[in-house]
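Undergrad: input_19.pdb is reproduced in full below (PDB, C-alpha atoms and all ligand atoms).
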ATOM      1  CA  MET A   1      12.114 -18.274  40.221
ATOM      2  CA  LYS A   2       8.543 -17.068  39.851
ATOM      3  CA  LEU A   3       9.772 -14.091  37.892
ATOM      4  CA  PHE A   4      11.862 -16.383  35.704
ATOM      5  CA  LEU A   5       8.848 -18.590  34.939
ATOM      6  CA  THR A   6       6.702 -15.557  34.128
ATOM      7  CA  GLY A   7       9.458 -14.450  31.797
ATOM      8  CA  MET A   8       9.520 -17.884  30.121
ATOM      9  CA  LYS A   9       5.729 -17.790  29.717
ATOM     10  CA  ALA A  10       5.912 -14.354  28.192
ATOM     11  CA  MET A  11       8.599 -15.531  25.792
ATOM     12  CA  ALA A  12       6.500 -18.552  24.827
ATOM     13  CA  VAL A  13       3.547 -16.274  24.119
ATOM     14  CA  VAL A  14       5.766 -14.036  21.993
ATOM     15  CA  MET A  15       7.101 -17.053  20.094
ATOM     16  CA  VAL A  16       3.622 -18.432  19.403
ATOM     17  CA  LEU A  17       2.460 -15.014  18.239
ATOM     18  CA  ALA A  18       5.564 -14.676  16.080
ATOM     19  CA  LEU A  19       5.137 -18.040  14.328
ATOM     20  CA  PRO A  20       2.483 -17.062  11.771
ATOM     21  CA  MET A  21       4.630 -14.064  10.841
ATOM     22  CA  VAL A  22       7.517 -16.373  10.014
ATOM     23  CA  SER A  23       5.452 -18.628   7.752
ATOM     24  CA  GLN A  24       3.655 -15.736   6.066
ATOM     25  CA  ALA A  25       6.394 -13.671   4.474
ATOM     26  CA  PHE A  26       4.263 -10.681   3.467
ATOM     27  CA  PRO A  27       1.598 -10.335   6.138
ATOM     28  CA  ASN A  28      -0.543  -7.686   4.398
ATOM     29  CA  GLY A  29      -0.018  -9.024   0.885
ATOM     30  CA  LEU A  30      -3.206 -11.027   0.429
ATOM     31  CA  LYS A  31      -5.462  -8.247   1.728
ATOM     32  CA  VAL A  32      -3.755  -5.626  -0.455
ATOM     33  CA  PHE A  33      -4.119  -7.892  -3.493
ATOM     34  CA  LYS A  34      -7.820  -8.549  -2.847
ATOM     35  CA  ASP A  35      -8.570  -4.877  -2.129
ATOM     36  CA  THR A  36      -6.617  -3.621  -5.155
ATOM     37  CA  TYR A  37      -8.407  -5.909  -7.590
ATOM     38  CA  GLY A  38     -11.818  -6.016  -5.901
ATOM     39  CA  VAL A  39     -11.662  -9.818  -5.667
ATOM     40  CA  GLN A  40     -15.222 -11.106  -5.352
ATOM     41  CA  LYS A  41     -16.170 -13.597  -2.655
ATOM     42  CA  GLY A  42     -16.335 -17.129  -4.059
ATOM     43  CA  SER A  43     -14.243 -16.310  -7.144
ATOM     44  CA  ALA A  44     -11.238 -18.439  -8.138
ATOM     45  CA  LEU A  45      -8.826 -15.785  -6.840
ATOM     46  CA  ASP A  46     -10.750 -15.527  -3.554
ATOM     47  CA  LYS A  47     -10.626 -19.304  -3.054
ATOM     48  CA  ALA A  48      -6.943 -19.488  -4.016
ATOM     49  CA  ASN A  49      -5.884 -17.213  -1.132
ATOM     50  CA  CYS A  50      -2.179 -17.929  -0.440
ATOM     51  CA  ALA A  51      -1.978 -19.899  -3.699
ATOM     52  CA  ILE A  52      -2.134 -16.581  -5.582
ATOM     53  CA  CYS A  53       1.562 -16.178  -4.662
ATOM     54  CA  HIS A  54       2.543 -19.651  -3.437
ATOM     55  CA  THR A  55       2.611 -23.055  -5.118
ATOM     56  CA  SER A  56      -0.231 -24.135  -2.837
ATOM     57  CA  ALA A  57      -2.442 -22.672  -0.128
ATOM     58  CA  ILE A  58      -0.387 -24.484   2.534
ATOM     59  CA  LYS A  59       1.349 -21.912   4.701
ATOM     60  CA  GLY A  60       5.073 -21.713   4.101
ATOM     61  CA  ASP A  61       4.910 -23.395   0.697
ATOM     62  CA  LYS A  62       7.330 -21.860  -1.779
ATOM     63  CA  LEU A  63       6.533 -18.904  -3.998
ATOM     64  CA  ASN A  64       5.100 -19.430  -7.461
ATOM     65  CA  PRO A  65       6.385 -17.240 -10.354
ATOM     66  CA  PHE A  66       3.889 -14.439  -9.580
ATOM     67  CA  GLY A  67       4.910 -14.570  -5.904
ATOM     68  CA  GLU A  68       8.546 -14.344  -6.977
ATOM     69  CA  ASP A  69       7.769 -11.187  -8.968
ATOM     70  CA  VAL A  70       5.974  -9.751  -5.928
ATOM     71  CA  ALA A  71       9.016 -10.619  -3.785
ATOM     72  CA  LYS A  72      11.312  -8.918  -6.309
ATOM     73  CA  VAL A  73       9.341  -5.672  -6.250
ATOM     74  CA  LEU A  74       9.247  -5.707  -2.434
ATOM     75  CA  LYS A  75      13.000  -6.218  -2.360
ATOM     76  CA  ALA A  76      13.523  -3.428  -4.888
ATOM     77  CA  ASN A  77      11.516  -1.123  -2.613
ATOM     78  CA  ASN A  78      13.345  -2.439   0.456
ATOM     79  CA  THR A  79      10.099  -3.232   2.280
ATOM     80  CA  ARG A  80       7.855  -6.100   3.335
ATOM     81  CA  VAL A  81       4.705  -4.006   3.049
ATOM     82  CA  LEU A  82       3.025  -4.471  -0.312
ATOM     83  CA  THR A  83       1.167  -1.559  -1.956
ATOM     84  CA  LYS A  84      -1.193  -1.327  -4.913
ATOM     85  CA  GLU A  85       1.448   0.701  -6.788
ATOM     86  CA  MET A  86       3.870  -2.225  -6.437
ATOM     87  CA  LEU A  87       1.228  -4.602  -7.773
ATOM     88  CA  ALA A  88       0.577  -2.205 -10.668
ATOM     89  CA  SER A  89       4.277  -2.331 -11.574
ATOM     90  CA  ILE A  90       4.068  -6.070 -12.360
ATOM     91  CA  GLU A  91       0.645  -6.084 -14.059
ATOM     92  CA  GLU A  92       2.029  -6.165 -17.594
ATOM     93  CA  LEU A  93       4.425  -9.058 -16.819
ATOM     94  CA  ASP A  94       3.483 -12.627 -17.653
ATOM     95  CA  SER A  95       4.900 -14.187 -14.494
ATOM     96  CA  ASP A  96       3.874 -17.784 -15.214
ATOM     97  CA  SER A  97       4.755 -17.619 -18.960
ATOM     98  CA  ASP A  98       1.331 -18.800 -20.151
ATOM     99  CA  LYS A  99       1.098 -15.961 -22.689
ATOM    100  CA  CYS A 100      -1.424 -14.022 -20.581
ATOM    101  CA  ALA A 101      -0.302 -10.853 -18.810
ATOM    102  CA  ASN A 102      -0.801 -10.866 -15.042
ATOM    103  CA  ILE A 103      -3.470  -8.157 -15.205
ATOM    104  CA  ASP A 104      -5.409 -10.023 -17.911
ATOM    105  CA  GLU A 105      -5.463 -13.106 -15.700
ATOM    106  CA  ILE A 106      -6.487 -11.155 -12.611
ATOM    107  CA  ASN A 107      -9.275  -9.377 -14.534
ATOM    108  CA  ALA A 108     -10.518 -12.732 -15.854
ATOM    109  CA  ASP A 109     -10.264 -14.448 -12.435
ATOM    110  CA  SER A 110      -7.437 -16.828 -13.354
ATOM    111  CA  LEU A 111      -4.224 -17.282 -11.369
ATOM    112  CA  PRO A 112      -1.245 -15.181 -12.550
ATOM    113  CA  GLY A 113       1.276 -17.567 -10.961
ATOM    114  CA  ASP A 114      -0.093 -20.861 -12.307
ATOM    115  CA  ALA A 115       0.457 -21.622 -15.995
ATOM    116  CA  LYS A 116      -2.333 -24.225 -15.861
ATOM    117  CA  SER A 117      -4.855 -21.546 -14.914
ATOM    118  CA  LEU A 118      -5.966 -19.488 -17.923
ATOM    119  CA  PRO A 119      -8.678 -16.867 -18.492
ATOM    120  CA  SER A 120     -11.963 -18.578 -19.247
ATOM    121  CA  ARG A 121     -13.345 -18.197 -22.754
ATOM    122  CA  GLU A 122     -16.689 -17.674 -21.037
ATOM    123  CA  TRP A 123     -16.877 -14.038 -20.000
ATOM    124  CA  ALA A 124     -19.242 -13.276 -17.118
ATOM    125  CA  THR A 125     -21.324 -10.340 -18.373
ATOM    126  CA  PRO A 126     -23.376  -8.409 -15.827
ATOM    127  CA  SER A 127     -26.828  -6.983 -16.377
ATOM    128  CA  VAL A 128     -27.093  -3.269 -15.683
ATOM    129  CA  ALA A 129     -29.941  -0.748 -15.740
ATOM    130  CA  PRO A 130     -30.933   0.601 -19.176
ATOM    131  CA  ILE A 131     -28.547   3.310 -20.439
ATOM    132  CA  ALA A 132     -30.079   6.339 -22.166
ATOM    133  CA  GLU A 133     -27.318   7.245 -24.607
ATOM    134  CA  PRO A 134     -23.815   6.145 -25.661
ATOM    135  CA  GLY A 135     -22.267   9.115 -23.834
ATOM    136  CA  LYS A 136     -23.338   7.476 -20.561
ATOM    137  CA  VAL A 137     -21.955   3.995 -21.258
ATOM    138  CA  ALA A 138     -18.414   4.604 -19.970
ATOM    139  CA  ALA A 139     -19.637   5.732 -16.553
ATOM    140  CA  ALA A 140     -22.158   2.882 -16.310
ATOM    141  CA  LEU A 141     -19.503   0.250 -17.111
ATOM    142  CA  ALA A 142     -16.538   1.848 -15.321
ATOM    143  CA  ALA A 143     -16.502  -0.607 -12.420
ATOM    144  CA  LEU A 144     -16.450  -3.698 -14.673
ATOM    145  CA  LYS A 145     -13.277  -5.700 -15.282
ATOM    146  CA  PRO A 146     -12.133  -5.282 -18.872
ATOM    147  CA  ARG A 147     -10.801  -7.895 -21.251
ATOM    148  CA  THR A 148      -7.725  -6.824 -23.175
ATOM    149  CA  LEU A 149      -6.860  -7.273 -26.840
ATOM    150  CA  ARG A 150      -3.120  -7.762 -27.294
ATOM    151  CA  ALA A 151      -0.776  -8.046 -30.232
ATOM    152  CA  ASP A 152       2.563  -9.657 -29.326
ATOM    153  CA  GLY A 153       1.918  -8.790 -25.696
ATOM    154  CA  ALA A 154       1.220  -5.095 -26.354
ATOM    155  CA  LYS A 155      -2.147  -3.707 -25.325
ATOM    156  CA  VAL A 156      -4.214  -2.799 -28.395
ATOM    157  CA  GLY A 157      -7.662  -2.521 -26.911
ATOM    158  CA  GLU A 158      -9.624  -2.798 -23.687
ATOM    159  CA  LEU A 159     -13.226  -3.893 -23.737
ATOM    160  CA  ARG A 160     -16.030  -3.749 -21.199
ATOM    161  CA  VAL A 161     -19.441  -5.241 -21.908
ATOM    162  CA  ALA A 162     -22.766  -5.439 -20.109
ATOM    163  CA  ILE A 163     -26.384  -6.199 -20.912
ATOM    164  CA  ALA A 164     -28.530  -3.124 -20.314
ATOM    165  CA  GLY A 165     -32.137  -4.274 -20.587
ATOM    166  CA  SER A 166     -32.331  -5.797 -24.066
ATOM    167  CA  VAL A 167     -29.283  -3.895 -25.299
ATOM    168  CA  LEU A 168     -25.601  -4.843 -25.485
ATOM    169  CA  ALA A 169     -23.569  -1.987 -24.001
ATOM    170  CA  ILE A 170     -19.964  -1.747 -25.179
ATOM    171  CA  ASP A 171     -17.078   0.395 -24.019
ATOM    172  CA  ALA A 172     -13.991  -0.146 -26.175
ATOM    173  CA  LYS A 173     -10.758   1.741 -25.631
ATOM    174  CA  VAL A 174      -8.601   1.348 -28.723
ATOM    175  CA  TYR A 175      -4.914   2.216 -28.476
ATOM    176  CA  ASP A 176      -4.448   3.094 -32.119
ATOM    177  CA  HIS A 177      -1.349   5.162 -32.915
ATOM    178  CA  LYS A 178      -2.657   6.076 -36.347
ATOM    179  CA  VAL A 179      -6.432   6.447 -36.552
ATOM    180  CA  THR A 180      -7.087   6.504 -40.283
ATOM    181  CA  ALA A 181      -9.681   6.043 -42.971
ATOM    182  CA  GLU A 182      -8.521   3.797 -45.809
ATOM    183  CA  ALA A 183      -9.880   3.206 -49.263
ATOM    184  CA  LYS A 184     -11.271  -0.147 -48.176
ATOM    185  CA  GLU A 185     -12.973   0.936 -45.014
ATOM    186  CA  TRP A 186     -12.255  -2.089 -42.872
ATOM    187  CA  THR A 187      -8.520  -1.730 -43.449
ATOM    188  CA  GLY A 188      -8.587   1.649 -41.669
ATOM    189  CA  ALA A 189      -9.340   2.207 -37.992
ATOM    190  CA  GLY A 190     -12.214   0.064 -36.821
ATOM    191  CA  VAL A 191     -13.841  -2.057 -34.156
ATOM    192  CA  GLU A 192     -15.720  -5.200 -35.101
ATOM    193  CA  LEU A 193     -18.139  -7.090 -32.921
ATOM    194  CA  ALA A 194     -19.568 -10.457 -33.873
ATOM    195  CA  ALA A 195     -22.194 -12.430 -32.007
ATOM    196  CA  ALA A 196     -24.396 -15.458 -32.450
ATOM    197  CA  MET A 197     -26.747 -17.688 -30.499
ATOM    198  CA  PRO A 198     -24.860 -20.775 -29.261
ATOM    199  CA  GLU A 199     -26.591 -23.134 -31.710
ATOM    200  CA  ALA A 200     -26.442 -20.743 -34.685
ATOM    201  CA  LYS A 201     -24.367 -21.590 -37.738
ATOM    202  CA  THR A 202     -24.022 -17.978 -38.785
ATOM    203  CA  CYS A 203     -23.206 -14.781 -36.960
ATOM    204  CA  SER A 204     -24.084 -11.115 -37.063
ATOM    205  CA  ARG A 205     -21.279  -8.633 -37.253
ATOM    206  CA  LEU A 206     -21.077  -4.907 -36.634
ATOM    207  CA  VAL A 207     -18.174  -2.894 -37.993
ATOM    208  CA  PHE A 208     -17.645   0.514 -36.431
ATOM    209  CA  LEU A 209     -15.571   2.872 -38.551
ATOM    210  CA  PRO A 210     -14.801   6.055 -36.632
ATOM    211  CA  LYS A 211     -12.986   7.598 -39.587
ATOM    212  CA  SER A 212     -14.763   6.307 -42.660
ATOM    213  CA  ALA A 213     -15.062   8.429 -45.809
ATOM    214  CA  THR A 214     -18.401   9.708 -44.543
ATOM    215  CA  GLY A 215     -16.911  10.731 -41.213
ATOM    216  CA  GLY A 216     -17.926   7.769 -39.125
ATOM    217  CA  GLU A 217     -20.318   4.953 -39.832
ATOM    218  CA  VAL A 218     -21.436   1.557 -38.638
ATOM    219  CA  GLN A 219     -21.992  -1.376 -40.944
ATOM    220  CA  LEU A 220     -24.077  -4.398 -40.040
ATOM    221  CA  TYR A 221     -23.603  -7.803 -41.619
ATOM    222  CA  HIS A 222     -25.777 -10.840 -41.144
ATOM    223  CA  ASN A 223     -23.375 -13.397 -42.521
ATOM    224  CA  ALA A 224     -21.906 -11.640 -45.544
ATOM    225  CA  ASP A 225     -25.033  -9.571 -46.268
ATOM    226  CA  GLN A 226     -24.558  -5.941 -45.455
ATOM    227  CA  GLN A 227     -27.600  -4.249 -43.977
ATOM    228  CA  ALA A 228     -28.431  -0.918 -42.417
ATOM    229  CA  ALA A 229     -27.916  -0.634 -38.668
ATOM    230  CA  PRO A 230     -30.183   2.275 -37.747
ATOM    231  CA  LYS A 231     -30.951   1.133 -34.215
ATOM    232  CA  CYS A 232     -27.338   1.155 -33.042
ATOM    233  CA  GLN A 233     -26.271   4.225 -31.096
ATOM    234  CA  TRP A 234     -22.590   4.942 -30.781
ATOM    235  CA  ALA A 235     -20.074   7.645 -29.993
ATOM    236  CA  VAL A 236     -16.334   8.061 -30.343
ATOM    237  CA  THR A 237     -14.101  10.267 -28.216
ATOM    238  CA  PRO A 238     -10.310  10.638 -28.443
ATOM    239  CA  LEU A 239      -8.289   9.068 -25.628
ATOM    240  CA  LYS A 240      -5.653  11.057 -23.787
ATOM    241  CA  GLY A 241      -2.385  10.379 -25.547
ATOM    242  CA  TYR A 242      -3.503   8.397 -28.573
ATOM    243  CA  GLY A 243      -6.348   6.225 -29.793
ATOM    244  CA  TYR A 244     -10.061   6.538 -29.142
ATOM    245  CA  GLU A 245     -12.898   5.264 -27.003
ATOM    246  CA  LEU A 246     -15.923   3.789 -28.704
ATOM    247  CA  THR A 247     -19.105   3.464 -26.690
ATOM    248  CA  ALA A 248     -22.125   1.775 -28.202
ATOM    249  CA  LEU A 249     -25.638   0.624 -27.393
ATOM    250  CA  ILE A 250     -26.690  -2.246 -29.634
ATOM    251  CA  PRO A 251     -30.169  -3.779 -29.372
ATOM    252  CA  LEU A 252     -29.709  -7.549 -29.042
ATOM    253  CA  GLU A 253     -32.264  -8.060 -31.824
ATOM    254  CA  VAL A 254     -29.952  -6.222 -34.250
ATOM    255  CA  LEU A 255     -27.414  -8.998 -33.646
ATOM    256  CA  GLN A 256     -30.208 -11.592 -33.938
ATOM    257  CA  LEU A 257     -29.773 -12.530 -30.299
ATOM    258  CA  ASP A 258     -32.576 -13.668 -28.016
ATOM    259  CA  ALA A 259     -32.722 -11.219 -25.088
ATOM    260  CA  LYS A 260     -33.864 -14.052 -22.781
ATOM    261  CA  ALA A 261     -30.821 -16.242 -23.489
ATOM    262  CA  ALA A 262     -28.154 -16.680 -20.826
ATOM    263  CA  LYS A 263     -25.284 -17.191 -23.263
ATOM    264  CA  PHE A 264     -24.164 -15.669 -26.557
ATOM    265  CA  LEU A 265     -21.178 -16.519 -28.719
ATOM    266  CA  PHE A 266     -19.038 -13.424 -29.037
ATOM    267  CA  GLU A 267     -15.919 -12.067 -30.682
ATOM    268  CA  ALA A 268     -14.378  -8.598 -30.891
ATOM    269  CA  ALA A 269     -11.612  -7.274 -33.107
ATOM    270  CA  THR A 270      -9.752  -4.071 -33.762
ATOM    271  CA  THR A 271      -7.967  -2.775 -36.835
ATOM    272  CA  THR A 272      -5.221  -0.356 -35.837
ATOM    273  CA  ASP A 273      -2.051   1.333 -37.098
ATOM    274  CA  ALA A 274      -3.533   2.246 -40.493
ATOM    275  CA  GLY A 275      -4.663  -1.295 -41.185
ATOM    276  CA  ALA A 276      -1.337  -2.905 -40.277
ATOM    277  CA  GLN A 277      -2.635  -4.587 -37.141
ATOM    278  CA  TYR A 278      -5.736  -6.773 -36.843
ATOM    279  CA  THR A 279      -6.318  -8.159 -33.346
ATOM    280  CA  THR A 280      -9.063 -10.428 -32.046
ATOM    281  CA  LEU A 281     -10.094 -10.996 -28.448
ATOM    282  CA  PHE A 282     -10.699 -14.758 -28.578
ATOM    283  CA  GLY A 283      -8.509 -15.747 -31.537
ATOM    284  CA  SER A 284     -10.931 -16.033 -34.471
ATOM    285  CA  ALA A 285      -9.493 -15.968 -37.977
ATOM    286  CA  LYS A 286     -10.102 -12.864 -40.071
ATOM    287  CA  GLY A 287     -13.489 -12.546 -41.675
ATOM    288  CA  TYR A 288     -15.605 -14.442 -39.183
ATOM    289  CA  THR A 289     -16.646 -17.030 -41.674
ATOM    290  CA  ASP A 290     -17.500 -19.234 -38.728
ATOM    291  CA  SER A 291     -17.967 -18.884 -34.999
ATOM    292  CA  THR A 292     -15.984 -21.930 -33.830
ATOM    293  CA  LYS A 293     -13.302 -19.807 -32.190
ATOM    294  CA  PHE A 294     -15.647 -17.306 -30.610
ATOM    295  CA  GLY A 295     -15.666 -16.955 -26.848
ATOM    296  CA  SER A 296     -18.955 -16.416 -25.115
ATOM    297  CA  LEU A 297     -20.765 -13.946 -22.936
ATOM    298  CA  LEU A 298     -22.437 -15.516 -19.913
ATOM    299  CA  VAL A 299     -25.228 -13.167 -18.934
ATOM    300  CA  GLN A 300     -25.575 -12.634 -15.204
ATOM    301  CA  LYS A 301     -29.221 -11.796 -14.546
TER     302      LYS A 301
HETATM  303 CA    CA A 401       0.225 -15.486 -17.124
END
Take the structure in the file and give it back as structure tokens.
Ligand SMILES: [Ca+2]

TA:
Amino acid sequence: MKLFLTGMKAMAVVMVLALPMVSQAFPNGLKVFKDTYGVQKGSALDKANCAICHTSAIKGDKLNPFGEDVAKVLKANNTRVLTKEMLASIEELDSDSDKCANIDEINADSLPGDAKSLPSREWATPSVAPIAEPGKVAAALAALKPRTLRADGAKVGELRVAIAGSVLAIDAKVYDHKVTAEAKEWTGAGVELAAAMPEAKTCSRLVFLPKSATGGEVQLYHNADQQAAPKCQWAVTPLKGYGYELTALIPLEVLQLDAKAAKFLFEAATTTDAGAQYTTLFGSAKGYTDSTKFGSLLVQK
């Protein structure tokens, strides 16, 4: 009898221990997700916890569309143990059909399984130590989450930004199949950056032309007025495969920005495929005649 009771107790212990496993379908999933994407404490993704994959954070609640895609890839691999490679395989999907790829949402700290959660138009921009030359920008910004420029879902560019002292540091990877110089320079390969103070009615714009007639130049516009941009340092290197990487150091004063401000209006655009494709990060119309559709950089001191 005593043995029987001990056995019952042991079974009860096993059952209690087993319960959380039943309600949490993929026991290592949340940790793998947070480790893979370096989810910061206190961020929206960190607070969401189970709601990254489920319709709510309540244990046992049903999977949301991102969770369903995770479940599919686990099933395809015949396992319950999630890996970062499996997560990578669903990064380009738009699980919740809100027109933002899963990876874009994760990089911008929005929820890939909730169509009501979208990347903020305010982009948290860290401050980093001064950078000596454009050749050192990529390494200095490598750990930052990029924002992606897309045309019909396809990745056209990937942008990382930081404030280095009183300088805007830019690392732009441009996936251009046909890097060209055209008769009208801005219809060939190019990267455009536009910025303004929040209350400003006009903006400053820099146009980087890696393949202009003169073999690479940068043009600065304050409104429509073209001016010289001697203080901007920049470099272009080819990417493996196709396209190029533009790194630049732009004094904030060149863009008429106050280095003490905590917020700047900002837009970025690429011209690719021999002028056939013009893509903006935040959705501004061509020409930047106004800044109403700019996103913004929130400077983290
Ligand atoms: Ca989405």

Undergrad: Up to 9 Å from (-4.5, -0.8, -35.5) in the file's coordinates: name the residues, counting only C-alpha atoms, as a list of chain:residue names.

TA: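 Collected hits near the coordinates: A:Val156, A:Val174, A:Tyr175, A:Asp176, A:His177, A:Lys178, A:Val179, A:Thr187, A:Gly188, A:Ala189, A:Gly190, A:Thr270, A:Thr271, A:Thr272, A:Asp273, A:Ala274, A:Gly275, A:Ala276, A:Gln277, A:Tyr278, A:Thr279.
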
Undergrad: Residues within 7 Å of ligand CA 401 (chain A) (only C-alpha atoms and all ligand atoms), as a PyMOL selection string?

TA: chain A and resi 94-102+105+112-113+115

Undergrad: Could you tell me which of A:Leu74, A:Ile131, A:Ala124, A:Val32 comes closest to Ala108 in chain A if we count all atoms listed in the file?

TA: A:Ala124

Undergrad: Hey, can you check how far CA of Leu265 in chain A sits from CA of Ala195 in chain A?

TA: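 Computed distance, CA of Leu265 in chain A to CA of Ala195 in chain A, equals 5.3 Å.
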
Undergrad: Find, counting all atoms listed in the file, the residue in A:Ala51, A:Arg121, A:Tyr37, A:Ala143 that gets nearest to Ala88 in chain A.

TA: A:Tyr37

Undergrad: Measuring atom to atom with only C-alpha atoms, identify which of A:Asp152, A:Asp290, A:Glu158, A:Asp109 is nearest to Gly243 in chain A.

TA: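 Smallest separation from Gly243 in chain A among the options: A:Glu158.
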
Undergrad: Could you list, as a list in words, every residue within 7 Å of Ala164 in chain A, counting only C-alpha atoms and ignoring same-chain residues fewer than 6 positions away?

TA: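 Residues near the query, excluding close chain neighbours: Ser127, Val128, Ala129, Pro130 and Ile131 of chain A.
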
Undergrad: Between A:Pro238, A:Pro65, A:Pro119, A:Gly29, which one has atoms that come closest to Leu82 in chain A, using all atoms listed in the file?

TA: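 Result for the nearest residue to Leu82 in chain A: A:Gly29.
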
Undergrad: When you count all atoms listed in the file, which of these residues is closest to Ala151 in chain A: A:Thr280, A:Thr292, A:Thr180, A:Thr36?

TA: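 The shortest atom-to-atom distance to Ala151 in chain A comes from A:Thr280.
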
Undergrad: Counting only C-alpha atoms, select every polymer residue within 8 Å of (-11.4, -7.9, -14.0) as defined in the file's coordinates, and provide the selection as a compact mmCIF listing (two decimals) with C-alpha atoms, in the frame of the given file.

TA:
# COMPACT_ATOMS: atom_id res chain seq x y z
CA TYR A 37 -8.41 -5.91 -7.59
CA ASP A 104 -5.41 -10.02 -17.91
CA ILE A 106 -6.49 -11.16 -12.61
CA ASN A 107 -9.28 -9.38 -14.53
CA ALA A 108 -10.52 -12.73 -15.85
CA ASP A 109 -10.26 -14.45 -12.44
CA LEU A 144 -16.45 -3.70 -14.67
CA LYS A 145 -13.28 -5.70 -15.28
CA PRO A 146 -12.13 -5.28 -18.87
CA ARG A 147 -10.80 -7.90 -21.25

Undergrad: Can you tell me how far CA of Gly165 in chain A sits from CA of Ala132 in chain A, in Å to one decimal?

TA: 10.9 Å

Undergrad: Write out as a PDB file with C-alpha atoms, keeping the file's coordinate frame each polymer residue whose atoms come within 12 Å of Lys34 in chain A, counting all atoms listed in the file; drop sequence neighbours fewer than 3 positions from it.

TA:
ATOM      1  CA  ASN A  28      -0.543  -7.686   4.398  1.00  0.00           C
ATOM      2  CA  GLY A  29      -0.018  -9.024   0.885  1.00  0.00           C
ATOM      3  CA  LEU A  30      -3.206 -11.027   0.429  1.00  0.00           C
ATOM      4  CA  LYS A  31      -5.462  -8.247   1.728  1.00  0.00           C
ATOM      5  CA  TYR A  37      -8.407  -5.909  -7.590  1.00  0.00           C
ATOM      6  CA  GLY A  38     -11.818  -6.016  -5.901  1.00  0.00           C
ATOM      7  CA  VAL A  39     -11.662  -9.818  -5.667  1.00  0.00           C
ATOM      8  CA  GLN A  40     -15.222 -11.106  -5.352  1.00  0.00           C
ATOM      9  CA  LYS A  41     -16.170 -13.597  -2.655  1.00  0.00           C
ATOM     10  CA  SER A  43     -14.243 -16.310  -7.144  1.00  0.00           C
ATOM     11  CA  ALA A  44     -11.238 -18.439  -8.138  1.00  0.00           C
ATOM     12  CA  LEU A  45      -8.826 -15.785  -6.840  1.00  0.00           C
ATOM     13  CA  ASP A  46     -10.750 -15.527  -3.554  1.00  0.00           C
ATOM     14  CA  LYS A  47     -10.626 -19.304  -3.054  1.00  0.00           C
ATOM     15  CA  ALA A  48      -6.943 -19.488  -4.016  1.00  0.00           C
ATOM     16  CA  ASN A  49      -5.884 -17.213  -1.132  1.00  0.00           C
ATOM     17  CA  CYS A  50      -2.179 -17.929  -0.440  1.00  0.00           C
ATOM     18  CA  ILE A  52      -2.134 -16.581  -5.582  1.00  0.00           C
ATOM     19  CA  LEU A  82       3.025  -4.471  -0.312  1.00  0.00           C
ATOM     20  CA  THR A  83       1.167  -1.559  -1.956  1.00  0.00           C
ATOM     21  CA  LYS A  84      -1.193  -1.327  -4.913  1.00  0.00           C
ATOM     22  CA  LEU A  87       1.228  -4.602  -7.773  1.00  0.00           C
ATOM     23  CA  ILE A 106      -6.487 -11.155 -12.611  1.00  0.00           C
ATOM     24  CA  ASN A 107      -9.275  -9.377 -14.534  1.00  0.00           C
ATOM     25  CA  ASP A 109     -10.264 -14.448 -12.435  1.00  0.00           C
TER      26      ASP A 109
END

Undergrad: Please write as a ChimeraX atom specification the full residue list that the PyMOL selection byres (((chain A and resi 126) around 8) and not hetatm) yields on this file.

TA: /A:124-125,127-128,161-163,299-301

Undergrad: One number please: CA of Ala138 in chain A to CA of Ala235 in chain A, in Å, one decimal.

TA: 10.6 Å

Undergrad: Rank A:Ala196, A:Glu68, A:Ser204, A:Glu245 by their smallest atom-to-atom distance to Gly135 in chain A, using only C-alpha atoms, and report the top residue only.

TA: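 That would be A:Glu245, the residue with the smallest distance to Gly135 in chain A.
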
Undergrad: For the provided coordinates, the residues matched by the PyMOL selection byres (((chain A and resi 236) around 10) and not hetatm) should be stated as an MDAnalysis selection string.

TA: chainID A and resid 134:135 171:173 208:211 216 234:235 237:239 244:248

Undergrad: Return as JSON the centre and edge lengths, in Å with one decimal, of the box along x, y and z that encloses every atom of range 244-256 of chain A in the file, padded by 5 Å per side.

TA:
{"center_x": -21.2, "center_y": -2.5, "center_z": -30.5, "size_x": 32.2, "size_y": 28.1, "size_z": 17.6}

Undergrad: Quick one: apply the PyMOL selection byres (((chain A and resi 73) around 12) and not hetatm) to the file and drop the selected residues here as a PyMOL selection string.

TA: chain A and resi 66-72+74-91

Undergrad: Output file request: range 251-256 of chain A, with N, CA and C atoms, as a short mmCIF file (atom, residue, chain, number, x, y, z; two decimals), in the first residue's frame.

TA:
data_model
loop_
_atom_site.label_atom_id
_atom_site.label_comp_id
_atom_site.auth_asym_id
_atom_site.auth_seq_id
_atom_site.Cartn_x
_atom_site.Cartn_y
_atom_site.Cartn_z
N PRO A 251 28.20 65.56 -41.60
CA PRO A 251 28.01 66.47 -40.47
C PRO A 251 26.55 66.94 -40.42
N LEU A 252 25.96 66.93 -39.22
CA LEU A 252 24.55 67.30 -39.11
C LEU A 252 24.31 68.72 -39.62
N GLU A 253 25.32 69.59 -39.47
CA GLU A 253 25.15 70.98 -39.92
C GLU A 253 24.99 71.04 -41.44
N VAL A 254 25.57 70.11 -42.17
CA VAL A 254 25.41 70.08 -43.63
C VAL A 254 23.93 69.90 -44.00
N LEU A 255 23.23 69.12 -43.18
CA LEU A 255 21.80 68.89 -43.40
C LEU A 255 20.93 69.92 -42.69
N GLN A 256 21.58 70.95 -42.14
CA GLN A 256 20.92 72.01 -41.38
C GLN A 256 20.15 71.45 -40.19
#
